[in-house]
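First comes the structure, then the notes that go with it.
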Amino acid sequence: MEGVPGVDSAGSWFEVVEVDGTDSAGNPVRVVARRVDPGEHRAESVSWFVSLPAVTGLRAGVGNRFDGVVDGRRVEVVLGVRIEGDQVVVGPESASVDGDPVALDQVRELVPVRRAPLPGGVSGVAVRGVELDGDRPRVELGANGVVTGGR
């Protein structure tokens with residue numbers, strides 16, 4: 001998604017503008033722009049909520065955790081998120097089997113790394129959080145002072 005679509009108005013402010021769409025990888029995205037000034041073509045802040053492909057074989061837990069029983073053993077995986085180049089990357093940050101920490105390679109088949117493109121043409125995008133939306137990891141990206149359309 002390229003920034004936030006321009007909003008045309010005779011100088012009115014918009015407290016919140018929400019847009020649903022998909023990114024170039026086909027991931028559902030909800031964009032929430034706050035304090036949009038159409039005259040200045042800027043939003044005070046913008047959040048992108050990107051829903052990544054579902055994780056199967058484990059059930060969604062609280063926050064950013066998946067857990068379940070695999071081959072008779074209790075598995076827990078905590079997701080982490082980072083920015084690499086022009087992508088946001090979500091994958092296992094820590095994991096345990098039967099309560100003992102394990103190397104992340106042991107759980108990558110259960111919870112493979114997911115990637116999504118960063119919003120195009122927007123500088124200063126940072127990760128604000130990751131949580132689960134059902135069995136789909138959902139990342140919140142954000143930026144301040146975002147240009148919302150051409151002048």
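Chain labels A, B, ... are given in the sequence in which chains occur in the structure tokens; within each chain residues are numbered consecutively from 1, and ligands are likewise numbered from 1 in the order shown.
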
Name all residues at most 6 Å from range 30-42 of chain A (count only C-alpha atoms; drop same-chain ones fewer than 4 positions away) and give them as a list in words.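 Here the answer would be Val7, Asp8, Gly11, Trp13, Phe14, Glu15, Val16, Val17, Glu18, Val19, Asp20, Val46, Ser47, Trp48, Phe49, Val146, Val147, Thr148 and Gly149 of chain A.
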
Hey, could you make a per-residue contact list for range 44-95 of chain A against range 105-125 of chain A with 6 Å as the cut-off, showing the nearest pair of atoms and its distance in Å to one decimal, counting only C-alpha atoms, sorted by chain and number, as CSV?
```
residue,atom,partner,partner_atom,distance
A:Asp86,CA,A:Leu118,CA,5.5
A:Gln87,CA,A:Pro117,CA,4.4
A:Val88,CA,A:Ala116,CA,5.4
A:Val89,CA,A:Arg115,CA,4.6
A:Val90,CA,A:Arg114,CA,5.2
A:Gly91,CA,A:Val113,CA,4.3
```

What would the file look like if the residues just selected were written as an mmCIF file, in the first residue's frame with C-alpha atoms?
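For reference, out_28.cif as written:
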```
data_model
loop_
_atom_site.group_PDB
_atom_site.id
_atom_site.type_symbol
_atom_site.label_atom_id
_atom_site.label_comp_id
_atom_site.auth_asym_id
_atom_site.auth_seq_id
_atom_site.Cartn_x
_atom_site.Cartn_y
_atom_site.Cartn_z
ATOM 1 C CA ASP A 86 12.114 -3.051 2.775
ATOM 2 C CA GLN A 87 10.277 -5.862 4.575
ATOM 3 C CA VAL A 88 8.830 -6.609 7.979
ATOM 4 C CA VAL A 89 9.745 -10.119 9.138
ATOM 5 C CA VAL A 90 7.782 -12.126 11.718
ATOM 6 C CA GLY A 91 9.030 -15.436 13.078
#
```

Would you work out the distance separating CA of Gly63 in chain A from CA of Asn144 in chain A, expressed in Å to one decimal?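 A separation of 24.9 Å between them.
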
Strand (DSSP E) residues, from DSSP on the backbone, in chain A, as a ChimeraX atom specification: /A:14-22,28-37,42-51,59-60,65-70,73-84,87-97,100-101,114-117,126-133,136-147

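Neighbours of range 95-100 of chain A closer than or equal to 9 Å, with only C-alpha atoms counted and sequence neighbours fewer than 6 positions away skipped, come out as A:Arg73, A:Arg74, A:Val75, A:Glu76, A:Val77, A:Val78, A:Leu79, A:Gln106, A:Val107.
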
Preceding selection exported with C-alpha atoms as a short mmCIF file (atom, residue, chain, number, x, y, z; two decimals), in the first residue's frame:
```cif
data_model
loop_
_atom_site.label_atom_id
_atom_site.label_comp_id
_atom_site.auth_asym_id
_atom_site.auth_seq_id
_atom_site.Cartn_x
_atom_site.Cartn_y
_atom_site.Cartn_z
CA ARG A 73 5.27 -32.91 23.55
CA ARG A 74 4.09 -29.50 24.70
CA VAL A 75 5.40 -26.76 22.40
CA GLU A 76 5.30 -22.99 22.95
CA VAL A 77 6.53 -20.43 20.43
CA VAL A 78 6.82 -16.68 21.01
CA LEU A 79 6.82 -14.51 17.90
CA GLN A 106 13.50 -26.90 15.89
CA VAL A 107 10.24 -24.95 15.53
#
```

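Minimum atom-to-atom distances from A:Pro101, A:Ser51, A:Val127, A:Gly85 to Ala25 in chain A were compared using only C-alpha atoms, and the lowest value belongs to A:Ser51.
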
For Gly61 in chain A: contacts at 10 Å, only C-alpha atoms, fewer than 2 positions along chain excluded, given as a PDB file with N, CA and C atoms, in the first residue's frame:
```pdb
ATOM      1  N   LEU A  58      -0.573 -25.326  15.610  1.00  0.00           N
ATOM      2  CA  LEU A  58      -0.518 -24.824  16.987  1.00  0.00           C
ATOM      3  C   LEU A  58      -1.711 -23.898  17.169  1.00  0.00           C
ATOM      4  N   ARG A  59      -2.104 -23.680  18.412  1.00  0.00           N
ATOM      5  CA  ARG A  59      -3.227 -22.765  18.621  1.00  0.00           C
ATOM      6  C   ARG A  59      -2.717 -21.432  19.150  1.00  0.00           C
ATOM      7  N   GLY A  63      -1.382 -12.727  23.470  1.00  0.00           N
ATOM      8  CA  GLY A  63      -0.381 -11.810  22.918  1.00  0.00           C
ATOM      9  C   GLY A  63       0.208 -12.319  21.626  1.00  0.00           C
ATOM     10  N   ASN A  64       1.472 -12.680  21.655  1.00  0.00           N
ATOM     11  CA  ASN A  64       2.177 -13.137  20.458  1.00  0.00           C
ATOM     12  C   ASN A  64       2.698 -14.570  20.613  1.00  0.00           C
ATOM     13  N   ARG A  65       1.907 -15.426  21.290  1.00  0.00           N
ATOM     14  CA  ARG A  65       2.332 -16.805  21.583  1.00  0.00           C
ATOM     15  C   ARG A  65       1.431 -17.832  20.905  1.00  0.00           C
ATOM     16  N   PHE A  66       2.063 -18.889  20.446  1.00  0.00           N
ATOM     17  CA  PHE A  66       1.357 -20.074  19.968  1.00  0.00           C
ATOM     18  C   PHE A  66       1.768 -21.223  20.866  1.00  0.00           C
ATOM     19  N   ASP A  67       0.835 -22.166  21.094  1.00  0.00           N
ATOM     20  CA  ASP A  67       1.194 -23.353  21.860  1.00  0.00           C
ATOM     21  C   ASP A  67       0.364 -24.533  21.386  1.00  0.00           C
ATOM     22  N   GLY A  68       0.787 -25.710  21.813  1.00  0.00           N
ATOM     23  CA  GLY A  68       0.063 -26.922  21.457  1.00  0.00           C
ATOM     24  C   GLY A  68       0.881 -28.150  21.770  1.00  0.00           C
ATOM     25  N   GLU A  76       5.704 -24.397  22.871  1.00  0.00           N
ATOM     26  CA  GLU A  76       5.304 -22.994  22.948  1.00  0.00           C
ATOM     27  C   GLU A  76       6.283 -22.184  22.101  1.00  0.00           C
ATOM     28  N   VAL A  77       5.715 -21.283  21.296  1.00  0.00           N
ATOM     29  CA  VAL A  77       6.528 -20.428  20.434  1.00  0.00           C
ATOM     30  C   VAL A  77       6.097 -18.977  20.643  1.00  0.00           C
ATOM     31  N   VAL A  78       7.067 -18.112  20.869  1.00  0.00           N
ATOM     32  CA  VAL A  78       6.816 -16.682  21.012  1.00  0.00           C
ATOM     33  C   VAL A  78       7.327 -16.008  19.740  1.00  0.00           C
ATOM     34  N   GLU A 131       0.773  -9.062  17.469  1.00  0.00           N
ATOM     35  CA  GLU A 131      -0.192  -9.814  18.261  1.00  0.00           C
ATOM     36  C   GLU A 131      -0.857 -10.816  17.333  1.00  0.00           C
ATOM     37  N   LEU A 132      -1.754 -11.600  17.891  1.00  0.00           N
ATOM     38  CA  LEU A 132      -2.449 -12.596  17.079  1.00  0.00           C
ATOM     39  C   LEU A 132      -3.879 -12.145  16.842  1.00  0.00           C
ATOM     40  N   GLY A 134      -6.760 -14.225  15.799  1.00  0.00           N
ATOM     41  CA  GLY A 134      -7.054 -15.642  15.561  1.00  0.00           C
ATOM     42  C   GLY A 134      -5.733 -16.365  15.419  1.00  0.00           C
ATOM     43  N   ASP A 135      -5.561 -17.116  14.324  1.00  0.00           N
ATOM     44  CA  ASP A 135      -4.303 -17.830  14.108  1.00  0.00           C
ATOM     45  C   ASP A 135      -3.373 -17.090  13.152  1.00  0.00           C
TER      46      ASP A 135
END
```

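Between CA of Asp23 in chain A and CA of Val81 in chain A lies a distance of 17.6 Å.
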